[in-house]
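Report on one structure; see the data block that follows.
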Amino acid sequence: MTSVSVNRWQEVCHRLEDKDPHLTELNLYGRGIGDAGVMRIAACLKNNTSLKEINLYGNNIGDEGVKALASGLSDSTSVEIVRLGNNQIGDEGAAALGSILATNETIRVLVLFVNEIGPAGAAAVARGLKHNRSVQKLMLNMNNLGDEGAGAFGETLCGNRSLKQLYLSDNKIGNPGVIAIADGLIYNDGALQELNLSDNEITCEGAIEMAARLKLNSGLKSLWLSGNPIFRDGVKTMIQDGLRHNFYLESIDLSPFQDQIDLRNEKEFYLALNKAGRQVLRREKVHVCFWTHILARVGHDPNMVFYFLVRSPDLFKSQDAYEEEVCEENKIYSLG
């Protein structure tokens with residue numbers, strides 16, 4: 001991929017206007033081109049089929065510039081990555097982007113962190129994603145979504161199956177917002193794999209509700225809740241009630257309250273089980289005697305792990321497995 005970063009952004013426009021096939025990445029990081037500059041770039045996108053990535057981070061772009069860019073992107077069949085972080089985009093600009101997401105089939109990554117997007121703008125982006133099948137990563141960190149904006153994404157998660165990474169840190173999201181997102185994850189069919197909700201206003205109550213819903217999620221692999229005032233009781237519930245019964249999470253950040261050694265060790269243990277493939281046991285009803293070999297792949301002491309599994313078989317058996325003997329003598333179980 002050819003990266004272009006020049007002092008005179010006009011040179012880039014000329015290359016765009018000339019449909020330069022070698023110009024695949026437009027990098028104008030921190031050039032201060034403003035709305036007028038982005039409007040000129042947008043006008044060049046309609047017939048361009050080679051440009052794959054646009055980076056306009058830190059360019060004093062407001063709603064008018066983004067409206068023009070959205071119009072240009074609506075005609076683009078090549079742009080896959082759009083970076084608009086650290087600008088002055090508000091609800092109107094976000095709404096313009098949301099309107100094209102409903103029909104766009106090429107954008108895979110949309111970066112909007114450090115802007116001025118509020119609940120209405122977030123809701124517009126979320127609505128656009130309801131029918132979108134291409135966007136896999138959305139970064140809205142450090143805006144002002146609040147519970148209303150988070151709730152809109154909760155609704156979107158119920159139907160969207162393409163979004164894999166959602167970053168909503170530092171957005172004044174409280175307990176109602178996190179509960180709405182957690183509800184959406186229940187009906188997400190395991191599509192979303194990374195969720196960042198760090199540095200918000202989620203308390204112990206929100207953590208308890210999230211923990212209850214984690215039991216029903218079947219795909220999320222990474223969850224960030226650091227910097228929220230959930231305190232030790234919230235962390236304890238997340239680990240012992242949520243993570244204990246979730247077979248898919250492989251990474252969870254609950255700092256700083258996870259740092260007590262007892263909670264940290266328990267958290268790491270459950271995560272190791274999941275990385276080793278604990279969900280296979282629920283699906284195949286594999287007896288615990290086979291798990292020492294599986295867990296050896298992640299470096300745990302097999303003897304210690306075997307002792308723990310025998311003491312707490314409920315960590316691995318599905319409800320059906322409680323109702324019958326899962327292992328007959330000399331019977332071989334398949335790992336699938």
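Simple scheme: letters A, B, ... for chains in structure tokens order, numbers from 1 for residues in each chain, numbers from 1 for ligands in the order shown.
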
Within 12 Å of Asp20 of chain A, counting only C-alpha atoms, which residues qualify if same-chain residues fewer than 2 places away don't, as a tab-separated table (two decimals) with N, CA, C and O atoms, in the first residue's frame?
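Everything below was put into result38.tsv:
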chain	number	residue	atom	x	y	z
A	2	THR	N	0.54	2.21	-0.84
A	2	THR	CA	1.32	3.43	-0.93
A	2	THR	C	0.75	4.47	0.02
A	2	THR	O	-0.43	4.80	-0.02
A	4	VAL	N	0.74	8.39	1.41
A	4	VAL	CA	1.10	9.73	0.96
A	4	VAL	C	0.90	10.69	2.11
A	4	VAL	O	-0.16	10.77	2.70
A	11	GLU	N	-1.53	18.80	-3.52
A	11	GLU	CA	-0.88	17.81	-4.38
A	11	GLU	C	-1.64	16.49	-4.36
A	11	GLU	O	-1.79	15.82	-5.40
A	12	VAL	N	-2.12	16.14	-3.18
A	12	VAL	CA	-2.90	14.91	-3.05
A	12	VAL	C	-4.19	15.03	-3.84
A	12	VAL	O	-4.61	14.08	-4.51
A	13	CYS	N	-4.83	16.18	-3.76
A	13	CYS	CA	-6.08	16.37	-4.51
A	13	CYS	C	-5.86	16.19	-6.00
A	13	CYS	O	-6.70	15.59	-6.70
A	14	HIS	N	-4.76	16.73	-6.49
A	14	HIS	CA	-4.47	16.57	-7.91
A	14	HIS	C	-4.32	15.09	-8.27
A	14	HIS	O	-4.81	14.64	-9.32
A	15	ARG	N	-3.69	14.33	-7.42
A	15	ARG	CA	-3.53	12.90	-7.67
A	15	ARG	C	-4.88	12.19	-7.62
A	15	ARG	O	-5.14	11.26	-8.38
A	16	LEU	N	-5.75	12.63	-6.69
A	16	LEU	CA	-7.08	12.06	-6.63
A	16	LEU	C	-7.89	12.39	-7.87
A	16	LEU	O	-8.57	11.52	-8.45
A	17	GLU	N	-7.80	13.65	-8.27
A	17	GLU	CA	-8.54	14.08	-9.45
A	17	GLU	C	-8.06	13.36	-10.71
A	17	GLU	O	-8.86	13.07	-11.61
A	18	ASP	N	-6.77	13.05	-10.75
A	18	ASP	CA	-6.21	12.34	-11.90
A	18	ASP	C	-6.40	10.83	-11.79
A	18	ASP	O	-5.93	10.09	-12.66
A	22	HIS	N	-1.92	4.45	-8.08
A	22	HIS	CA	-0.94	4.12	-7.04
A	22	HIS	C	-1.28	4.78	-5.69
A	22	HIS	O	-0.65	4.46	-4.69
A	23	LEU	N	-2.23	5.69	-5.70
A	23	LEU	CA	-2.64	6.35	-4.46
A	23	LEU	C	-3.73	5.51	-3.79
A	23	LEU	O	-4.90	5.60	-4.12
A	24	THR	N	-3.31	4.69	-2.87
A	24	THR	CA	-4.26	3.81	-2.18
A	24	THR	C	-4.52	4.26	-0.74
A	24	THR	O	-5.51	3.84	-0.14
A	25	GLU	N	-3.63	5.07	-0.18
A	25	GLU	CA	-3.80	5.56	1.19
A	25	GLU	C	-3.60	7.06	1.23
A	25	GLU	O	-2.55	7.58	0.84
A	26	LEU	N	-4.61	7.77	1.70
A	26	LEU	CA	-4.55	9.23	1.83
A	26	LEU	C	-4.29	9.57	3.29
A	26	LEU	O	-5.16	9.42	4.14
A	44	CYS	N	-13.51	14.44	-5.01
A	44	CYS	CA	-12.67	13.58	-5.84
A	44	CYS	C	-12.97	12.10	-5.67
A	44	CYS	O	-12.41	11.26	-6.38
A	45	LEU	N	-13.83	11.76	-4.71
A	45	LEU	CA	-14.02	10.36	-4.37
A	45	LEU	C	-14.98	9.62	-5.29
A	45	LEU	O	-14.93	8.40	-5.39
A	47	ASN	N	-15.52	8.99	-8.46
A	47	ASN	CA	-15.08	8.05	-9.51
A	47	ASN	C	-13.75	7.38	-9.21
A	47	ASN	O	-13.16	6.76	-10.09
A	48	ASN	N	-13.30	7.52	-7.97
A	48	ASN	CA	-12.01	6.92	-7.60
A	48	ASN	C	-12.23	5.47	-7.18
A	48	ASN	O	-13.09	5.17	-6.35
A	49	THR	N	-11.45	4.56	-7.75
A	49	THR	CA	-11.61	3.13	-7.44
A	49	THR	C	-10.35	2.51	-6.85
A	49	THR	O	-10.31	1.30	-6.66
A	50	SER	N	-9.36	3.32	-6.53
A	50	SER	CA	-8.10	2.77	-6.00
A	50	SER	C	-7.86	3.12	-4.53
A	50	SER	O	-7.15	2.39	-3.84
A	51	LEU	N	-8.46	4.21	-4.06
A	51	LEU	CA	-8.21	4.66	-2.68
A	51	LEU	C	-8.85	3.69	-1.69
A	51	LEU	O	-10.05	3.41	-1.76

Find the spatial neighbours of Gly184 of chain A, counting only C-alpha atoms, within a cut-off of 10 Å - ignore same-chain residues fewer than 5 positions away - and output them as number ranges by chain.
A: 151-160, 178-179, 189, 213, 217

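The space separating atom CA of His245 of chain A from atom CA of Ile261 of chain A comes to 20.6 Å.
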
Please, which residues of segment 149-258 of chain A, numbered as in this document, come out strand (DSSP E or B) from DSSP, as an MDAnalysis selection string?
chainID A and resid 165:167 194:196 222:224 251:253

Tell me which protein, DNA and RNA residues are within 8 Å of Ser198 of chain A, counting only C-alpha atoms, leaving out same-chain ones fewer than 4 positions away, and put them as a PyMOL selection string.
chain A and resi 168-170+224-228

Just to be explicit: take each residue in the selection above, keep all heavy atoms, and write the result as a PDB file, in the first residue's frame.
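Resulting contents of again-v4.pdb:
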ATOM      1  N   LEU A 168     -16.108   2.187  23.177  1.00  0.00           N
ATOM      2  CA  LEU A 168     -16.962   3.245  23.714  1.00  0.00           C
ATOM      3  C   LEU A 168     -16.420   3.786  25.032  1.00  0.00           C
ATOM      4  O   LEU A 168     -17.186   4.262  25.873  1.00  0.00           O
ATOM      5  CB  LEU A 168     -18.385   2.714  23.922  1.00  0.00           C
ATOM      6  CG  LEU A 168     -19.115   2.158  22.692  1.00  0.00           C
ATOM      7  CD1 LEU A 168     -20.473   1.606  23.083  1.00  0.00           C
ATOM      8  CD2 LEU A 168     -19.263   3.215  21.612  1.00  0.00           C
ATOM      9  N   SER A 169     -15.132   3.760  25.238  1.00  0.00           N
ATOM     10  CA  SER A 169     -14.563   4.231  26.495  1.00  0.00           C
ATOM     11  C   SER A 169     -14.720   5.739  26.643  1.00  0.00           C
ATOM     12  O   SER A 169     -14.804   6.470  25.650  1.00  0.00           O
ATOM     13  CB  SER A 169     -13.078   3.855  26.576  1.00  0.00           C
ATOM     14  OG  SER A 169     -12.334   4.510  25.574  1.00  0.00           O
ATOM     15  N   ASP A 170     -14.775   6.202  27.893  1.00  0.00           N
ATOM     16  CA  ASP A 170     -14.817   7.634  28.216  1.00  0.00           C
ATOM     17  C   ASP A 170     -15.964   8.334  27.504  1.00  0.00           C
ATOM     18  O   ASP A 170     -15.767   9.285  26.754  1.00  0.00           O
ATOM     19  CB  ASP A 170     -13.475   8.288  27.856  1.00  0.00           C
ATOM     20  CG  ASP A 170     -13.269   9.606  28.615  1.00  0.00           C
ATOM     21  OD1 ASP A 170     -14.197  10.038  29.321  1.00  0.00           O
ATOM     22  OD2 ASP A 170     -12.179  10.207  28.470  1.00  0.00           O
ATOM     23  N   TRP A 224     -13.219  -4.622  28.316  1.00  0.00           N
ATOM     24  CA  TRP A 224     -12.520  -3.643  29.146  1.00  0.00           C
ATOM     25  C   TRP A 224     -13.539  -2.870  29.986  1.00  0.00           C
ATOM     26  O   TRP A 224     -14.439  -2.235  29.447  1.00  0.00           O
ATOM     27  CB  TRP A 224     -11.751  -2.647  28.291  1.00  0.00           C
ATOM     28  CG  TRP A 224     -10.563  -3.179  27.584  1.00  0.00           C
ATOM     29  CD1 TRP A 224      -9.263  -3.161  28.014  1.00  0.00           C
ATOM     30  CD2 TRP A 224     -10.524  -3.794  26.286  1.00  0.00           C
ATOM     31  NE1 TRP A 224      -8.436  -3.731  27.084  1.00  0.00           N
ATOM     32  CE2 TRP A 224      -9.175  -4.124  26.004  1.00  0.00           C
ATOM     33  CE3 TRP A 224     -11.503  -4.089  25.332  1.00  0.00           C
ATOM     34  CZ2 TRP A 224      -8.794  -4.734  24.818  1.00  0.00           C
ATOM     35  CZ3 TRP A 224     -11.128  -4.700  24.148  1.00  0.00           C
ATOM     36  CH2 TRP A 224      -9.787  -5.014  23.907  1.00  0.00           C
ATOM     37  N   LEU A 225     -13.375  -2.935  31.312  1.00  0.00           N
ATOM     38  CA  LEU A 225     -14.200  -2.154  32.239  1.00  0.00           C
ATOM     39  C   LEU A 225     -13.325  -1.373  33.217  1.00  0.00           C
ATOM     40  O   LEU A 225     -13.810  -0.911  34.243  1.00  0.00           O
ATOM     41  CB  LEU A 225     -15.149  -3.081  33.004  1.00  0.00           C
ATOM     42  CG  LEU A 225     -16.334  -3.655  32.219  1.00  0.00           C
ATOM     43  CD1 LEU A 225     -17.042  -4.719  33.046  1.00  0.00           C
ATOM     44  CD2 LEU A 225     -17.308  -2.558  31.815  1.00  0.00           C
ATOM     45  N   SER A 226     -12.062  -1.224  32.897  1.00  0.00           N
ATOM     46  CA  SER A 226     -11.147  -0.519  33.797  1.00  0.00           C
ATOM     47  C   SER A 226     -11.556   0.937  33.939  1.00  0.00           C
ATOM     48  O   SER A 226     -12.172   1.521  33.051  1.00  0.00           O
ATOM     49  CB  SER A 226      -9.719  -0.609  33.255  1.00  0.00           C
ATOM     50  OG  SER A 226      -9.637  -0.046  31.960  1.00  0.00           O
ATOM     51  N   GLY A 227     -11.220   1.527  35.089  1.00  0.00           N
ATOM     52  CA  GLY A 227     -11.494   2.937  35.302  1.00  0.00           C
ATOM     53  C   GLY A 227     -12.935   3.260  35.625  1.00  0.00           C
ATOM     54  O   GLY A 227     -13.323   4.425  35.620  1.00  0.00           O
ATOM     55  N   ASN A 228     -13.762   2.237  35.887  1.00  0.00           N
ATOM     56  CA  ASN A 228     -15.131   2.443  36.330  1.00  0.00           C
ATOM     57  C   ASN A 228     -15.222   2.198  37.843  1.00  0.00           C
ATOM     58  O   ASN A 228     -14.509   1.334  38.362  1.00  0.00           O
ATOM     59  CB  ASN A 228     -16.077   1.485  35.600  1.00  0.00           C
ATOM     60  CG  ASN A 228     -16.358   1.910  34.178  1.00  0.00           C
ATOM     61  OD1 ASN A 228     -17.099   2.854  33.931  1.00  0.00           O
ATOM     62  ND2 ASN A 228     -15.726   1.220  33.223  1.00  0.00           N
TER      63      ASN A 228
END

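Taking atom CA of Gly65 of chain A as the reference point, atom CA of Ala94 of chain A is found at 11.2 Å.
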
Based on the backbone DSSP call, show me all residues of segment 143-310 of chain A assigned helix (DSSP H, G or I), as a PDB file with C-alpha atoms, in the first residue's frame.
ATOM      1  CA  GLY A 146     -24.175   8.833  27.562  1.00  0.00           C
ATOM      2  CA  ASP A 147     -26.704   6.144  28.400  1.00  0.00           C
ATOM      3  CA  GLU A 148     -28.966   7.096  25.503  1.00  0.00           C
ATOM      4  CA  GLY A 149     -26.218   6.633  22.935  1.00  0.00           C
ATOM      5  CA  ALA A 150     -25.088   3.378  24.543  1.00  0.00           C
ATOM      6  CA  GLY A 151     -28.679   2.157  24.515  1.00  0.00           C
ATOM      7  CA  ALA A 152     -28.851   2.711  20.762  1.00  0.00           C
ATOM      8  CA  PHE A 153     -25.856   0.443  20.283  1.00  0.00           C
ATOM      9  CA  GLY A 154     -27.484  -2.144  22.516  1.00  0.00           C
ATOM     10  CA  GLU A 155     -30.397  -2.271  20.080  1.00  0.00           C
ATOM     11  CA  THR A 156     -28.048  -2.465  17.104  1.00  0.00           C
ATOM     12  CA  LEU A 157     -26.146  -5.415  18.566  1.00  0.00           C
ATOM     13  CA  CYS A 158     -29.357  -7.440  18.568  1.00  0.00           C
ATOM     14  CA  GLY A 159     -29.368  -7.515  14.777  1.00  0.00           C
ATOM     15  CA  ASN A 175     -25.531   1.546  34.529  1.00  0.00           C
ATOM     16  CA  PRO A 176     -28.540   1.891  32.171  1.00  0.00           C
ATOM     17  CA  GLY A 177     -26.190   2.121  29.202  1.00  0.00           C
ATOM     18  CA  VAL A 178     -24.090  -0.898  30.115  1.00  0.00           C
ATOM     19  CA  ILE A 179     -27.203  -2.965  30.839  1.00  0.00           C
ATOM     20  CA  ALA A 180     -28.618  -2.090  27.404  1.00  0.00           C
ATOM     21  CA  ILE A 181     -25.383  -3.139  25.708  1.00  0.00           C
ATOM     22  CA  ALA A 182     -25.215  -6.346  27.755  1.00  0.00           C
ATOM     23  CA  ASP A 183     -28.807  -7.135  26.752  1.00  0.00           C
ATOM     24  CA  GLY A 184     -27.864  -6.624  23.118  1.00  0.00           C
ATOM     25  CA  LEU A 185     -24.974  -9.050  23.460  1.00  0.00           C
ATOM     26  CA  ILE A 186     -27.360 -11.821  24.488  1.00  0.00           C
ATOM     27  CA  CYS A 204     -21.116  -2.100  41.176  1.00  0.00           C
ATOM     28  CA  GLU A 205     -24.797  -2.347  40.253  1.00  0.00           C
ATOM     29  CA  GLY A 206     -23.986  -2.199  36.554  1.00  0.00           C
ATOM     30  CA  ALA A 207     -21.216  -4.763  36.970  1.00  0.00           C
ATOM     31  CA  ILE A 208     -23.623  -7.156  38.697  1.00  0.00           C
ATOM     32  CA  GLU A 209     -26.111  -6.827  35.838  1.00  0.00           C
ATOM     33  CA  MET A 210     -23.349  -7.314  33.265  1.00  0.00           C
ATOM     34  CA  ALA A 211     -22.135 -10.425  35.093  1.00  0.00           C
ATOM     35  CA  ALA A 212     -25.613 -11.977  34.957  1.00  0.00           C
ATOM     36  CA  ARG A 213     -25.754 -11.434  31.196  1.00  0.00           C
ATOM     37  CA  LEU A 214     -22.236 -12.708  30.527  1.00  0.00           C
ATOM     38  CA  PHE A 231     -15.013  -1.506  43.339  1.00  0.00           C
ATOM     39  CA  ARG A 232     -14.171  -4.872  44.855  1.00  0.00           C
ATOM     40  CA  ASP A 233     -17.743  -6.167  45.187  1.00  0.00           C
ATOM     41  CA  GLY A 234     -18.436  -5.473  41.524  1.00  0.00           C
ATOM     42  CA  VAL A 235     -15.183  -7.106  40.433  1.00  0.00           C
ATOM     43  CA  LYS A 236     -15.850 -10.121  42.635  1.00  0.00           C
ATOM     44  CA  THR A 237     -19.286 -10.586  41.092  1.00  0.00           C
ATOM     45  CA  MET A 238     -17.921 -10.156  37.559  1.00  0.00           C
ATOM     46  CA  ILE A 239     -15.378 -12.899  38.209  1.00  0.00           C
ATOM     47  CA  GLN A 240     -17.280 -15.347  40.387  1.00  0.00           C
ATOM     48  CA  ASP A 241     -20.730 -14.990  38.839  1.00  0.00           C
ATOM     49  CA  GLY A 242     -20.000 -13.792  35.304  1.00  0.00           C
ATOM     50  CA  LEU A 243     -16.600 -15.059  34.201  1.00  0.00           C
ATOM     51  CA  ARG A 244     -16.966 -18.323  36.090  1.00  0.00           C
ATOM     52  CA  HIS A 245     -19.896 -19.293  33.898  1.00  0.00           C
ATOM     53  CA  ILE A 261      -4.134 -11.366  44.533  1.00  0.00           C
ATOM     54  CA  ASP A 262      -7.111 -13.626  45.281  1.00  0.00           C
ATOM     55  CA  LEU A 263      -9.307 -12.035  42.624  1.00  0.00           C
ATOM     56  CA  ARG A 264      -6.480 -11.769  40.130  1.00  0.00           C
ATOM     57  CA  ASN A 265      -5.593 -15.446  40.436  1.00  0.00           C
ATOM     58  CA  GLU A 266      -9.198 -16.545  40.110  1.00  0.00           C
ATOM     59  CA  LYS A 267      -9.744 -14.314  37.084  1.00  0.00           C
ATOM     60  CA  GLU A 268      -6.624 -15.608  35.340  1.00  0.00           C
ATOM     61  CA  PHE A 269      -7.659 -19.186  36.045  1.00  0.00           C
ATOM     62  CA  TYR A 270     -11.051 -18.847  34.362  1.00  0.00           C
ATOM     63  CA  LEU A 271      -9.507 -17.001  31.415  1.00  0.00           C
ATOM     64  CA  ALA A 272      -6.976 -19.809  30.986  1.00  0.00           C
ATOM     65  CA  LEU A 273      -9.785 -22.353  30.917  1.00  0.00           C
ATOM     66  CA  ASN A 274     -11.497 -20.402  28.168  1.00  0.00           C
ATOM     67  CA  LYS A 275      -8.335 -19.998  26.117  1.00  0.00           C
ATOM     68  CA  ALA A 276      -7.884 -23.752  26.335  1.00  0.00           C
ATOM     69  CA  ARG A 278     -13.658 -24.800  27.830  1.00  0.00           C
ATOM     70  CA  GLN A 279     -16.709 -24.364  25.573  1.00  0.00           C
ATOM     71  CA  VAL A 280     -15.844 -27.687  23.910  1.00  0.00           C
ATOM     72  CA  LEU A 281     -16.712 -29.476  27.129  1.00  0.00           C
ATOM     73  CA  ARG A 282     -20.174 -27.964  27.239  1.00  0.00           C
ATOM     74  CA  ARG A 283     -20.788 -28.966  23.639  1.00  0.00           C
ATOM     75  CA  GLU A 284     -19.261 -32.446  23.724  1.00  0.00           C
ATOM     76  CA  VAL A 288     -12.816 -33.688  33.279  1.00  0.00           C
ATOM     77  CA  CYS A 289     -10.109 -36.346  33.070  1.00  0.00           C
ATOM     78  CA  PHE A 290      -9.247 -35.101  29.587  1.00  0.00           C
ATOM     79  CA  TRP A 291      -8.885 -31.492  30.617  1.00  0.00           C
ATOM     80  CA  THR A 292      -5.446 -31.820  32.142  1.00  0.00           C
ATOM     81  CA  HIS A 293      -4.053 -32.453  28.666  1.00  0.00           C
ATOM     82  CA  ILE A 294      -5.974 -29.586  27.123  1.00  0.00           C
ATOM     83  CA  LEU A 295      -4.977 -27.117  29.818  1.00  0.00           C
ATOM     84  CA  ALA A 296      -1.352 -28.121  29.507  1.00  0.00           C
ATOM     85  CA  ARG A 297      -1.362 -26.151  26.271  1.00  0.00           C
ATOM     86  CA  VAL A 298      -1.624 -22.913  28.223  1.00  0.00           C
ATOM     87  CA  PRO A 302      -1.774 -30.361  35.224  1.00  0.00           C
ATOM     88  CA  ASN A 303      -1.845 -31.794  38.734  1.00  0.00           C
ATOM     89  CA  MET A 304      -3.111 -28.553  40.285  1.00  0.00           C
ATOM     90  CA  VAL A 305      -5.668 -28.059  37.546  1.00  0.00           C
ATOM     91  CA  PHE A 306      -6.932 -31.624  37.792  1.00  0.00           C
ATOM     92  CA  TYR A 307      -7.472 -31.175  41.539  1.00  0.00           C
ATOM     93  CA  PHE A 308      -9.407 -27.967  40.941  1.00  0.00           C
ATOM     94  CA  LEU A 309     -11.581 -29.554  38.281  1.00  0.00           C
ATOM     95  CA  VAL A 310     -12.481 -32.504  40.451  1.00  0.00           C
TER      96      VAL A 310
END

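Computed from the coordinates, the atom CA of Ala123 of chain A to atom CA of Ala96 of chain A distance equals 11.7 Å.
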